[in-house]
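The structure appears right after this line, and notes come after that.
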Amino acid sequence: MKFKDRQYVEGTEPAVYIGHRVYRDSTGIEKTSGPWYAEYCVDSKQRFEALGTPNKTVAIRKAHEICARIRSGQVEQPRQRTTIKEVVDGYMELLRSQGRAPTTLTKYDLVSRNLLAWCGDDGRRRVSSLTEADFWSLRKHLMEEVKVCEKTAYDRLVVVKQMLKYAVKMKLNGINPFSGIAISKPDSAQQPCFTPEQVTSLLEHADAKFKPFIAMLAYAGLRFGEARELLWSDLKMDTSGPGFIVVRRGGSSGKTKSKRLRRLPVHPELRKILDGMPRDFDRVFTSRPSGKFPNGGAPVNERRALFTLKGLCKRCNFANPKQYKLHSLRHTFASMCARKNISYKYALEWMGHRSSDILDLYYSMFDADAHQAMQTLVYPPQKVNTSN
C-alpha cells in the first residue's frame with residue numbers, strides 16, 4: 001500500500017506508523033484518502049489497518065490501541081471481507097430478535113434499502129472499502145436521488161453509522177469507517193400549530209361526533225393513537241373533581257410510545273364534553289357507522305380523521321388549511337402549557353416525554369402573546385434635552 005504523510009507514532013513498540021492511503025479512483029486518477037491508516041509489522045509481516053477517522057489525534061490514539069493489542073497477543077483483526085449487504089441483514093435480524101416495534105423496523109428497513117440502492121451492486125461492496133468520501137456521497141444520494149430533506153438525511157445517516165458500529169462490535173469489520181465523521185444536526189422544521197382562537201373555531205364548527213375527538217387532542221395533548229385506544233375505564237372521573245385520564249395504550253405492542261403509563265388531569269372544558277357523550281362502546285372514540293360496522297364501534301381511522309380535520313380547517317377559513325395535521329393539536333397543547341408557564345415537570349408528564357427538548361420543538365409562539373410580552377419591557381424614560 002502506498003502511503004502519504006507517513007509518520008511514526010511516538011511511544012509505540014512495536015512501531016506503528018500512520019499515514020494516508022494513496023489510491024486510484026475508477027477513472028485512474030490518483031487520490032489520497034481522508035481517513036488515516038496504520039502500518040505495522042507482526043511476525044515479520046507488514047500489515048495495514050484502516051483507522052476510520054480523519055482526525056490525527058484520534059488516529060494516534062487508535063495506533064496506541066493497536067500496539068497494546070499486539071503486546072497482549074491479540075494480533076488477529078476482525079475479518080475485512082464483510083459486505084454491506086451482510087451487515088444490513090445482520091443488523092435487521094438483531095432488531096427483530098430484540099422485539100423492536102414494527103414502526104422502528106419499517107424505518108430501519110427503509111434506511112437499509114436506501115443504503116443498498118446507493119451501493120448499486122446489491123450490497124456486494126466490502127465495508128472495509130468505505131471512505132469519508134462515500135459518506136458524503138451517500139448524503140448527496142439521499143438528498144438528490146431519494147429527495148429527502150436535510151433533517152431526514154441526517155437521521156438516516158445516523159442509522160447507517162449504527163449499522164457500521166454493529167459490524168465492529170460483531171467483529172465483522174475492523175473499524176467503523178464513518179465513526180470519525182462529524183455532521184451537524186439540522187434544526188427541525190417549524191410545524192403548523194393552531195392558535196387558541198383556532199381551536200375554539202374548530203370546536204364550534206365540528207359536528208357532535210368529531211368535536212369530542214378534537215377536544216381530547218387539544219385539551220389533553222394526546223397522540224392520535226393514544227386517543228383512539230382510550231377506553232371509558234381509563235377515565236377516572238369521580239364526582240368530587242374533574243378527574244384524571246390514564247393513558248395506557250396507543251403505541252406499538254399495546255403500550256404508549258414511551259412504554260409507560262401516565263396520568264393527567266381532565267381539563268374542565270373537556271370534562272363538559274365528555275359528560276355529554278354516549279357510552280355505547282368500550283372505546284371513548286369510535287368511527288361512524290359503515291357497511292362493515294352498521295352500528296358503529298370500529299376504531300377511529302387516522303386517514304379519515306385527518307381528511308375530516310383538513311375539511312374543517314377549510315370551513316373555518318384558516319389560511320393554508322391543508323398544512324394542518326392531527327398532531328398539530330398536540331403542538332397547540334404544548335404551546336398552551338408554555339403560554340401559561342406550566343412547569344416542565346407537569347408538561348413532560350402530561351405529554352409523556354422525558355426530555356424538555358421535545359417541548360422546545362413543539363412550542364410555538366402565538367403572535368398576540370409575543371406582542372403582549374414585548375409591552376412589558378419597560379425602559380427608564382428619556383430625559384428631555386432643552387438645550388438648543
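A note on labels: chains of the C-alpha cells are A, B, ... as shown, every chain counts residues from 1, and ligands are counted from 1 in their shown order.
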With only C-alpha atoms as the counted atoms, please give the residues lying no more than 10 Å from A:Val159, apart from itself and same-chain residues fewer than 6 positions off, as a list in words.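 Using only C-alpha atoms, the neighbours found are Lys107, Tyr108, Val111, Ser112 and Lys165 of chain A.
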Would you mind listing what lies within 12 Å of A:Ala218 as a PyMOL selection string, with only C-alpha atoms counted and same-chain residues fewer than 4 positions away left out? chain A and resi 193-200+202-203+211-214+222-224+227+266-267+269-270+326-337+351
Pick from A:Thr82, A:Gln46, A:Asp5, A:Val300: nearest to A:Met170, with only C-alpha atoms counted?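 Looking only at the distances to A:Met170, the closest residue turns out to be A:Thr82.
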Pick out the residues sitting within 10 Å of A:Ile183, and hand them over as a PyMOL selection string; count only C-alpha atoms, and ignore anything fewer than 2 positions along from it in its own chain. chain A and resi 136+154+157-158+180-181+185-186
Find, counting only C-alpha atoms, the residue in A:Ala182, A:Gly99, A:Ile29, A:Ser72 that gets nearest to A:Asn55. A:Ala182
Could you give me, as a compact mmCIF listing (two decimals) with N, CA, C and O atoms, in the first residue's frame, each residue of stretch 31-278 of chain A that DSSP assigns to alpha helix (DSSP H) when run on this structure's backbone?
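Written file, out-v1.txt:
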# COMPACT_ATOMS: atom_id res chain seq x y z
N LYS A 56 -6.33 13.45 13.35
CA LYS A 56 -5.00 12.91 13.66
C LYS A 56 -4.88 12.47 15.11
O LYS A 56 -4.29 11.42 15.41
N THR A 57 -5.46 13.22 16.02
CA THR A 57 -5.38 12.88 17.44
C THR A 57 -6.05 11.53 17.70
O THR A 57 -5.53 10.69 18.44
N VAL A 58 -7.22 11.33 17.09
CA VAL A 58 -7.93 10.05 17.24
C VAL A 58 -7.12 8.93 16.60
O VAL A 58 -7.03 7.81 17.14
N ALA A 59 -6.50 9.22 15.44
CA ALA A 59 -5.68 8.20 14.75
C ALA A 59 -4.51 7.76 15.62
O ALA A 59 -4.19 6.56 15.69
N ILE A 60 -3.87 8.71 16.30
CA ILE A 60 -2.74 8.38 17.18
C ILE A 60 -3.23 7.51 18.34
O ILE A 60 -2.57 6.53 18.72
N ARG A 61 -4.38 7.86 18.89
CA ARG A 61 -4.92 7.04 19.98
C ARG A 61 -5.20 5.62 19.51
O ARG A 61 -4.89 4.65 20.22
N LYS A 62 -5.74 5.47 18.32
CA LYS A 62 -6.03 4.13 17.80
C LYS A 62 -4.75 3.37 17.49
O LYS A 62 -4.71 2.14 17.60
N ALA A 63 -3.68 4.10 17.11
CA ALA A 63 -2.40 3.45 16.86
C ALA A 63 -1.86 2.84 18.15
O ALA A 63 -1.31 1.72 18.16
N HIS A 64 -2.02 3.55 19.27
CA HIS A 64 -1.60 3.01 20.57
C HIS A 64 -2.46 1.80 20.95
O HIS A 64 -1.95 0.86 21.58
N GLU A 65 -3.73 1.82 20.59
CA GLU A 65 -4.58 0.66 20.86
C GLU A 65 -4.11 -0.55 20.07
O GLU A 65 -4.15 -1.68 20.57
N ILE A 66 -3.67 -0.34 18.84
CA ILE A 66 -3.13 -1.44 18.03
C ILE A 66 -1.89 -2.01 18.69
O ILE A 66 -1.70 -3.22 18.80
N CYS A 67 -1.02 -1.09 19.18
CA CYS A 67 0.21 -1.51 19.85
C CYS A 67 -0.11 -2.37 21.08
O CYS A 67 0.51 -3.42 21.29
N ALA A 68 -1.10 -1.92 21.86
CA ALA A 68 -1.48 -2.68 23.06
C ALA A 68 -2.06 -4.04 22.68
O ALA A 68 -1.83 -5.04 23.37
N ARG A 69 -2.79 -4.08 21.59
CA ARG A 69 -3.37 -5.33 21.13
C ARG A 69 -2.29 -6.32 20.73
O ARG A 69 -2.37 -7.52 21.04
N ILE A 70 -1.26 -5.82 20.05
CA ILE A 70 -0.16 -6.69 19.63
C ILE A 70 0.58 -7.24 20.84
O ILE A 70 0.91 -8.43 20.91
N ARG A 71 0.81 -6.38 21.82
CA ARG A 71 1.53 -6.80 23.02
C ARG A 71 0.77 -7.87 23.80
O ARG A 71 1.37 -8.76 24.41
N ILE A 84 -21.55 -4.96 2.62
CA ILE A 84 -22.57 -4.08 3.20
C ILE A 84 -23.89 -4.83 3.36
O ILE A 84 -24.60 -4.67 4.35
N LYS A 85 -24.21 -5.69 2.41
CA LYS A 85 -25.46 -6.47 2.48
C LYS A 85 -25.45 -7.38 3.71
O LYS A 85 -26.49 -7.52 4.39
N GLU A 86 -24.32 -7.99 4.03
CA GLU A 86 -24.23 -8.86 5.20
C GLU A 86 -24.45 -8.06 6.49
O GLU A 86 -25.12 -8.53 7.41
N VAL A 87 -23.90 -6.87 6.54
CA VAL A 87 -24.08 -6.03 7.72
C VAL A 87 -25.54 -5.62 7.86
O VAL A 87 -26.12 -5.68 8.95
N VAL A 88 -26.14 -5.19 6.77
CA VAL A 88 -27.55 -4.76 6.79
C VAL A 88 -28.45 -5.90 7.25
O VAL A 88 -29.30 -5.73 8.13
N ASP A 89 -28.26 -7.09 6.67
CA ASP A 89 -29.09 -8.24 7.04
C ASP A 89 -28.90 -8.62 8.50
O ASP A 89 -29.87 -8.93 9.21
N GLY A 90 -27.66 -8.60 8.96
CA GLY A 90 -27.38 -8.96 10.34
C GLY A 90 -27.97 -7.97 11.32
O GLY A 90 -28.51 -8.35 12.37
N TYR A 91 -27.89 -6.70 10.99
CA TYR A 91 -28.41 -5.66 11.88
C TYR A 91 -29.93 -5.73 11.96
O TYR A 91 -30.50 -5.62 13.05
N MET A 92 -30.60 -5.93 10.83
CA MET A 92 -32.05 -6.04 10.84
C MET A 92 -32.51 -7.27 11.61
O MET A 92 -33.51 -7.23 12.33
N GLU A 93 -31.78 -8.35 11.50
CA GLU A 93 -32.12 -9.57 12.25
C GLU A 93 -31.95 -9.33 13.75
O GLU A 93 -32.76 -9.81 14.55
N LEU A 94 -30.93 -8.55 14.11
CA LEU A 94 -30.73 -8.21 15.52
C LEU A 94 -31.92 -7.41 16.05
O LEU A 94 -32.42 -7.69 17.15
N LEU A 95 -32.37 -6.43 15.29
CA LEU A 95 -33.50 -5.61 15.72
C LEU A 95 -34.76 -6.45 15.89
O LEU A 95 -35.52 -6.28 16.84
N ARG A 96 -34.98 -7.37 14.95
CA ARG A 96 -36.17 -8.24 15.05
C ARG A 96 -36.09 -9.14 16.28
O ARG A 96 -37.09 -9.36 16.97
N SER A 97 -34.90 -9.65 16.57
CA SER A 97 -34.74 -10.54 17.74
C SER A 97 -34.91 -9.77 19.04
O SER A 97 -35.26 -10.35 20.07
N PRO A 102 -42.84 -2.48 15.29
CA PRO A 102 -42.99 -2.56 13.83
C PRO A 102 -42.64 -1.25 13.13
O PRO A 102 -42.04 -1.27 12.05
N THR A 103 -42.99 -0.11 13.74
CA THR A 103 -42.68 1.17 13.11
C THR A 103 -41.17 1.40 13.05
O THR A 103 -40.66 1.96 12.07
N THR A 104 -40.45 0.95 14.08
CA THR A 104 -38.99 1.07 14.09
C THR A 104 -38.38 0.19 13.01
O THR A 104 -37.47 0.61 12.29
N LEU A 105 -38.87 -1.03 12.90
CA LEU A 105 -38.36 -1.95 11.87
C LEU A 105 -38.62 -1.39 10.48
O LEU A 105 -37.76 -1.50 9.59
N THR A 106 -39.78 -0.80 10.28
CA THR A 106 -40.11 -0.22 8.97
C THR A 106 -39.14 0.92 8.64
O THR A 106 -38.65 1.03 7.51
N LYS A 107 -38.86 1.76 9.62
CA LYS A 107 -37.94 2.89 9.41
C LYS A 107 -36.54 2.39 9.06
O LYS A 107 -35.93 2.86 8.09
N TYR A 108 -36.03 1.43 9.81
CA TYR A 108 -34.68 0.94 9.58
C TYR A 108 -34.59 0.14 8.28
O TYR A 108 -33.56 0.14 7.61
N ASP A 109 -35.68 -0.53 7.91
CA ASP A 109 -35.70 -1.24 6.64
C ASP A 109 -35.61 -0.26 5.47
O ASP A 109 -34.92 -0.54 4.47
N LEU A 110 -36.26 0.88 5.61
CA LEU A 110 -36.19 1.91 4.57
C LEU A 110 -34.77 2.43 4.43
O LEU A 110 -34.26 2.61 3.31
N VAL A 111 -34.10 2.67 5.56
CA VAL A 111 -32.71 3.13 5.53
C VAL A 111 -31.82 2.08 4.86
O VAL A 111 -30.93 2.40 4.07
N SER A 112 -32.07 0.81 5.16
CA SER A 112 -31.30 -0.28 4.55
C SER A 112 -31.45 -0.28 3.04
O SER A 112 -30.46 -0.43 2.30
N ARG A 113 -32.68 -0.08 2.57
CA ARG A 113 -32.91 -0.06 1.12
C ARG A 113 -32.25 1.16 0.48
O ARG A 113 -31.73 1.07 -0.64
N ASN A 114 -32.25 2.29 1.18
CA ASN A 114 -31.56 3.48 0.68
C ASN A 114 -30.06 3.21 0.53
O ASN A 114 -29.44 3.59 -0.47
N LEU A 115 -29.48 2.55 1.52
CA LEU A 115 -28.05 2.26 1.52
C LEU A 115 -27.68 1.30 0.40
O LEU A 115 -26.70 1.52 -0.33
N LEU A 116 -28.48 0.25 0.23
CA LEU A 116 -28.19 -0.73 -0.82
C LEU A 116 -28.39 -0.13 -2.21
O LEU A 116 -27.66 -0.45 -3.15
N ALA A 117 -29.38 0.75 -2.34
CA ALA A 117 -29.60 1.42 -3.64
C ALA A 117 -28.41 2.31 -3.98
O ALA A 117 -28.01 2.41 -5.14
N TRP A 118 -27.85 2.96 -2.98
CA TRP A 118 -26.67 3.80 -3.21
C TRP A 118 -25.48 2.96 -3.65
O TRP A 118 -24.71 3.38 -4.52
N CYS A 119 -25.34 1.77 -3.06
CA CYS A 119 -24.23 0.88 -3.45
C CYS A 119 -24.31 0.53 -4.94
O CYS A 119 -23.28 0.50 -5.63
N GLU A 132 -14.46 8.36 3.83
CA GLU A 132 -15.23 9.56 4.16
C GLU A 132 -15.95 10.11 2.93
O GLU A 132 -17.08 10.61 3.02
N ALA A 133 -15.31 9.99 1.78
CA ALA A 133 -15.94 10.46 0.54
C ALA A 133 -17.25 9.71 0.28
O ALA A 133 -18.21 10.29 -0.25
N ASP A 134 -17.29 8.44 0.67
CA ASP A 134 -18.52 7.66 0.49
C ASP A 134 -19.64 8.17 1.39
O ASP A 134 -20.81 8.14 1.02
N PHE A 135 -19.27 8.61 2.57
CA PHE A 135 -20.27 9.15 3.50
C PHE A 135 -20.99 10.34 2.87
O PHE A 135 -22.22 10.41 2.87
N TRP A 136 -20.23 11.27 2.32
CA TRP A 136 -20.82 12.46 1.71
C TRP A 136 -21.53 12.12 0.40
O TRP A 136 -22.51 12.76 0.03
N SER A 137 -21.04 11.08 -0.27
CA SER A 137 -21.71 10.62 -1.49
C SER A 137 -23.08 10.05 -1.14
O SER A 137 -24.07 10.29 -1.85
N LEU A 138 -23.16 9.31 -0.03
CA LEU A 138 -24.44 8.75 0.42
C LEU A 138 -25.40 9.87 0.81
O LEU A 138 -26.59 9.82 0.49
N ARG A 139 -24.89 10.87 1.49
CA ARG A 139 -25.74 12.02 1.87
C ARG A 139 -26.28 12.71 0.62
O ARG A 139 -27.46 13.06 0.55
N LYS A 140 -25.45 12.88 -0.38
CA LYS A 140 -25.89 13.51 -1.63
C LYS A 140 -26.96 12.66 -2.31
O LYS A 140 -27.95 13.17 -2.84
N HIS A 141 -26.77 11.34 -2.27
CA HIS A 141 -27.75 10.43 -2.86
C HIS A 141 -29.10 10.56 -2.17
O HIS A 141 -30.15 10.60 -2.83
N LEU A 142 -29.09 10.64 -0.84
CA LEU A 142 -30.34 10.75 -0.10
C LEU A 142 -31.09 12.05 -0.43
O LEU A 142 -32.30 12.04 -0.59
N MET A 143 -30.35 13.13 -0.57
CA MET A 143 -30.99 14.42 -0.78
C MET A 143 -31.38 14.66 -2.24
O MET A 143 -32.42 15.26 -2.52
N GLU A 144 -30.57 14.16 -3.17
CA GLU A 144 -30.83 14.44 -4.59
C GLU A 144 -31.58 13.33 -5.31
O GLU A 144 -32.38 13.61 -6.21
N GLU A 150 -33.03 17.80 4.61
CA GLU A 150 -31.74 17.73 5.29
C GLU A 150 -31.85 17.00 6.63
O GLU A 150 -30.97 16.21 6.98
N LYS A 151 -32.93 17.25 7.37
CA LYS A 151 -33.11 16.60 8.67
C LYS A 151 -33.29 15.09 8.51
O LYS A 151 -32.72 14.30 9.26
N THR A 152 -34.07 14.66 7.51
CA THR A 152 -34.27 13.23 7.27
C THR A 152 -32.97 12.56 6.84
O THR A 152 -32.67 11.44 7.27
N ALA A 153 -32.20 13.25 5.99
CA ALA A 153 -30.91 12.70 5.56
C ALA A 153 -30.00 12.49 6.76
O ALA A 153 -29.33 11.46 6.88
N TYR A 154 -30.00 13.45 7.67
CA TYR A 154 -29.19 13.34 8.89
C TYR A 154 -29.61 12.11 9.71
O TYR A 154 -28.77 11.32 10.14
N ASP A 155 -30.92 11.96 9.92
CA ASP A 155 -31.43 10.83 10.71
C ASP A 155 -31.04 9.49 10.08
O ASP A 155 -30.67 8.55 10.79
N ARG A 156 -31.11 9.39 8.75
CA ARG A 156 -30.79 8.13 8.10
C ARG A 156 -29.29 7.83 8.11
O ARG A 156 -28.87 6.68 8.22
N LEU A 157 -28.48 8.87 8.05
CA LEU A 157 -27.03 8.67 8.14
C LEU A 157 -26.64 8.20 9.54
O LEU A 157 -25.70 7.41 9.70
N VAL A 158 -27.35 8.66 10.56
CA VAL A 158 -27.10 8.19 11.93
C VAL A 158 -27.38 6.69 12.03
O VAL A 158 -26.63 5.96 12.67
N VAL A 159 -28.45 6.24 11.38
CA VAL A 159 -28.77 4.81 11.38
C VAL A 159 -27.68 4.02 10.67
O VAL A 159 -27.27 2.94 11.13
N VAL A 160 -27.17 4.54 9.55
CA VAL A 160 -26.09 3.86 8.83
C VAL A 160 -24.86 3.74 9.73
O VAL A 160 -24.19 2.69 9.77
N LYS A 161 -24.55 4.80 10.47
CA LYS A 161 -23.43 4.74 11.41
C LYS A 161 -23.66 3.64 12.46
O LYS A 161 -22.72 2.94 12.85
N GLN A 162 -24.89 3.52 12.92
CA GLN A 162 -25.21 2.48 13.91
C GLN A 162 -24.97 1.09 13.32
O GLN A 162 -24.48 0.19 14.01
N MET A 163 -25.33 0.91 12.05
CA MET A 163 -25.11 -0.37 11.39
C MET A 163 -23.63 -0.72 11.33
O MET A 163 -23.23 -1.86 11.60
N LEU A 164 -22.80 0.27 10.99
CA LEU A 164 -21.37 0.01 10.88
C LEU A 164 -20.73 -0.19 12.26
O LEU A 164 -19.77 -0.94 12.40
N LYS A 165 -21.29 0.46 13.27
CA LYS A 165 -20.83 0.24 14.63
C LYS A 165 -21.14 -1.18 15.07
O LYS A 165 -20.33 -1.84 15.75
N TYR A 166 -22.31 -1.66 14.68
CA TYR A 166 -22.70 -3.05 14.96
C TYR A 166 -21.70 -4.01 14.30
O TYR A 166 -21.32 -5.04 14.90
N ALA A 167 -21.27 -3.69 13.06
CA ALA A 167 -20.33 -4.56 12.35
C ALA A 167 -19.02 -4.71 13.11
O ALA A 167 -18.42 -5.79 13.16
N VAL A 168 -18.56 -3.62 13.74
CA VAL A 168 -17.32 -3.67 14.53
C VAL A 168 -17.54 -4.49 15.79
O VAL A 168 -16.72 -5.33 16.15
N LYS A 169 -18.68 -4.27 16.45
CA LYS A 169 -18.98 -5.00 17.69
C LYS A 169 -19.05 -6.49 17.45
O LYS A 169 -18.61 -7.29 18.29
N PRO A 196 -55.08 29.35 20.07
CA PRO A 196 -56.23 29.06 20.93
C PRO A 196 -57.55 29.45 20.26
O PRO A 196 -58.56 28.75 20.40
N GLU A 197 -57.53 30.57 19.53
CA GLU A 197 -58.74 31.02 18.86
C GLU A 197 -59.16 30.04 17.76
O GLU A 197 -60.36 29.81 17.54
N GLN A 198 -58.18 29.46 17.08
CA GLN A 198 -58.49 28.48 16.04
C GLN A 198 -59.08 27.20 16.62
O GLN A 198 -59.97 26.59 16.03
N VAL A 199 -58.57 26.79 17.77
CA VAL A 199 -59.13 25.60 18.44
C VAL A 199 -60.60 25.84 18.77
O VAL A 199 -61.46 24.98 18.55
N THR A 200 -60.89 27.02 19.30
CA THR A 200 -62.28 27.36 19.61
C THR A 200 -63.15 27.31 18.36
O THR A 200 -64.27 26.78 18.38
N SER A 201 -62.63 27.81 17.25
CA SER A 201 -63.36 27.80 15.98
C SER A 201 -63.60 26.36 15.50
O SER A 201 -64.69 26.03 15.02
N LEU A 202 -62.60 25.51 15.65
CA LEU A 202 -62.75 24.11 15.26
C LEU A 202 -63.87 23.44 16.06
O LEU A 202 -64.71 22.71 15.50
N LEU A 203 -63.88 23.67 17.35
CA LEU A 203 -64.90 23.06 18.21
C LEU A 203 -66.30 23.60 17.90
O LEU A 203 -67.29 22.87 17.99
N GLU A 204 -66.38 24.87 17.51
CA GLU A 204 -67.67 25.46 17.17
C GLU A 204 -68.23 24.91 15.86
O GLU A 204 -69.45 24.77 15.71
N HIS A 205 -67.35 24.58 14.92
CA HIS A 205 -67.80 24.13 13.60
C HIS A 205 -67.87 22.61 13.46
O HIS A 205 -68.46 22.10 12.51
N LYS A 211 -66.29 16.52 17.35
CA LYS A 211 -65.92 17.53 18.34
C LYS A 211 -65.21 16.95 19.56
O LYS A 211 -64.17 17.48 19.99
N PRO A 212 -65.70 15.87 20.18
CA PRO A 212 -65.02 15.32 21.36
C PRO A 212 -63.59 14.85 21.06
O PRO A 212 -62.71 14.99 21.90
N PHE A 213 -63.40 14.31 19.85
CA PHE A 213 -62.07 13.81 19.49
C PHE A 213 -61.08 14.99 19.40
O PHE A 213 -59.95 14.90 19.89
N ILE A 214 -61.50 16.07 18.76
CA ILE A 214 -60.66 17.27 18.66
C ILE A 214 -60.37 17.80 20.06
O ILE A 214 -59.23 18.18 20.38
N ALA A 215 -61.37 17.83 20.90
CA ALA A 215 -61.20 18.35 22.26
C ALA A 215 -60.18 17.53 23.04
O ALA A 215 -59.36 18.09 23.79
N MET A 216 -60.20 16.21 22.88
CA MET A 216 -59.24 15.36 23.59
C MET A 216 -57.81 15.66 23.15
O MET A 216 -56.89 15.76 23.98
N LEU A 217 -57.60 15.82 21.84
CA LEU A 217 -56.26 16.10 21.33
C LEU A 217 -55.79 17.49 21.77
O LEU A 217 -54.60 17.67 22.10
N ALA A 218 -56.69 18.46 21.76
CA ALA A 218 -56.31 19.84 22.08
C ALA A 218 -56.18 20.09 23.57
O ALA A 218 -55.26 20.77 24.03
N TYR A 219 -57.11 19.56 24.38
CA TYR A 219 -57.13 19.84 25.81
C TYR A 219 -56.26 18.88 26.63
O TYR A 219 -55.98 19.16 27.80
N ALA A 220 -55.85 17.76 26.04
CA ALA A 220 -55.03 16.79 26.78
C ALA A 220 -53.69 16.52 26.11
O ALA A 220 -52.82 15.90 26.72
N PHE A 224 -52.53 10.75 18.42
CA PHE A 224 -53.72 10.16 17.79
C PHE A 224 -53.97 8.76 18.31
O PHE A 224 -55.08 8.41 18.70
N GLY A 225 -52.93 7.90 18.30
CA GLY A 225 -53.09 6.51 18.72
C GLY A 225 -53.55 6.39 20.16
O GLY A 225 -54.32 5.49 20.50
N GLU A 226 -53.09 7.29 21.01
CA GLU A 226 -53.47 7.24 22.43
C GLU A 226 -54.95 7.58 22.60
O GLU A 226 -55.64 6.95 23.41
N ALA A 227 -55.42 8.56 21.82
CA ALA A 227 -56.85 8.91 21.89
C ALA A 227 -57.70 7.79 21.28
O ALA A 227 -58.76 7.46 21.82
N ARG A 228 -57.26 7.22 20.19
CA ARG A 228 -58.01 6.14 19.53
C ARG A 228 -58.18 4.94 20.45
O ARG A 228 -59.25 4.31 20.47
N PRO A 268 -61.36 21.22 32.52
CA PRO A 268 -62.80 21.46 32.78
C PRO A 268 -63.66 21.50 31.52
O PRO A 268 -64.78 20.95 31.52
N GLU A 269 -63.17 22.14 30.46
CA GLU A 269 -63.95 22.20 29.21
C GLU A 269 -64.08 20.83 28.58
O GLU A 269 -65.11 20.48 28.02
N LEU A 270 -63.01 20.03 28.67
CA LEU A 270 -63.06 18.67 28.14
C LEU A 270 -64.03 17.82 28.96
O LEU A 270 -64.76 16.99 28.40
N ARG A 271 -64.06 18.04 30.26
CA ARG A 271 -64.96 17.29 31.13
C ARG A 271 -66.42 17.51 30.72
O ARG A 271 -67.22 16.56 30.67
N LYS A 272 -66.77 18.77 30.40
CA LYS A 272 -68.14 19.06 29.98
C LYS A 272 -68.51 18.28 28.72
O LYS A 272 -69.61 17.74 28.61
N ILE A 273 -67.56 18.20 27.77
CA ILE A 273 -67.83 17.50 26.52
C ILE A 273 -67.94 16.00 26.75
O ILE A 273 -68.84 15.32 26.23
N LEU A 274 -67.04 15.45 27.59
CA LEU A 274 -67.07 14.01 27.87
C LEU A 274 -68.34 13.60 28.60
O LEU A 274 -68.91 12.53 28.35
N ASP A 275 -68.80 14.44 29.50
CA ASP A 275 -70.03 14.13 30.26
C ASP A 275 -71.24 14.04 29.34
O ASP A 275 -72.22 13.33 29.66
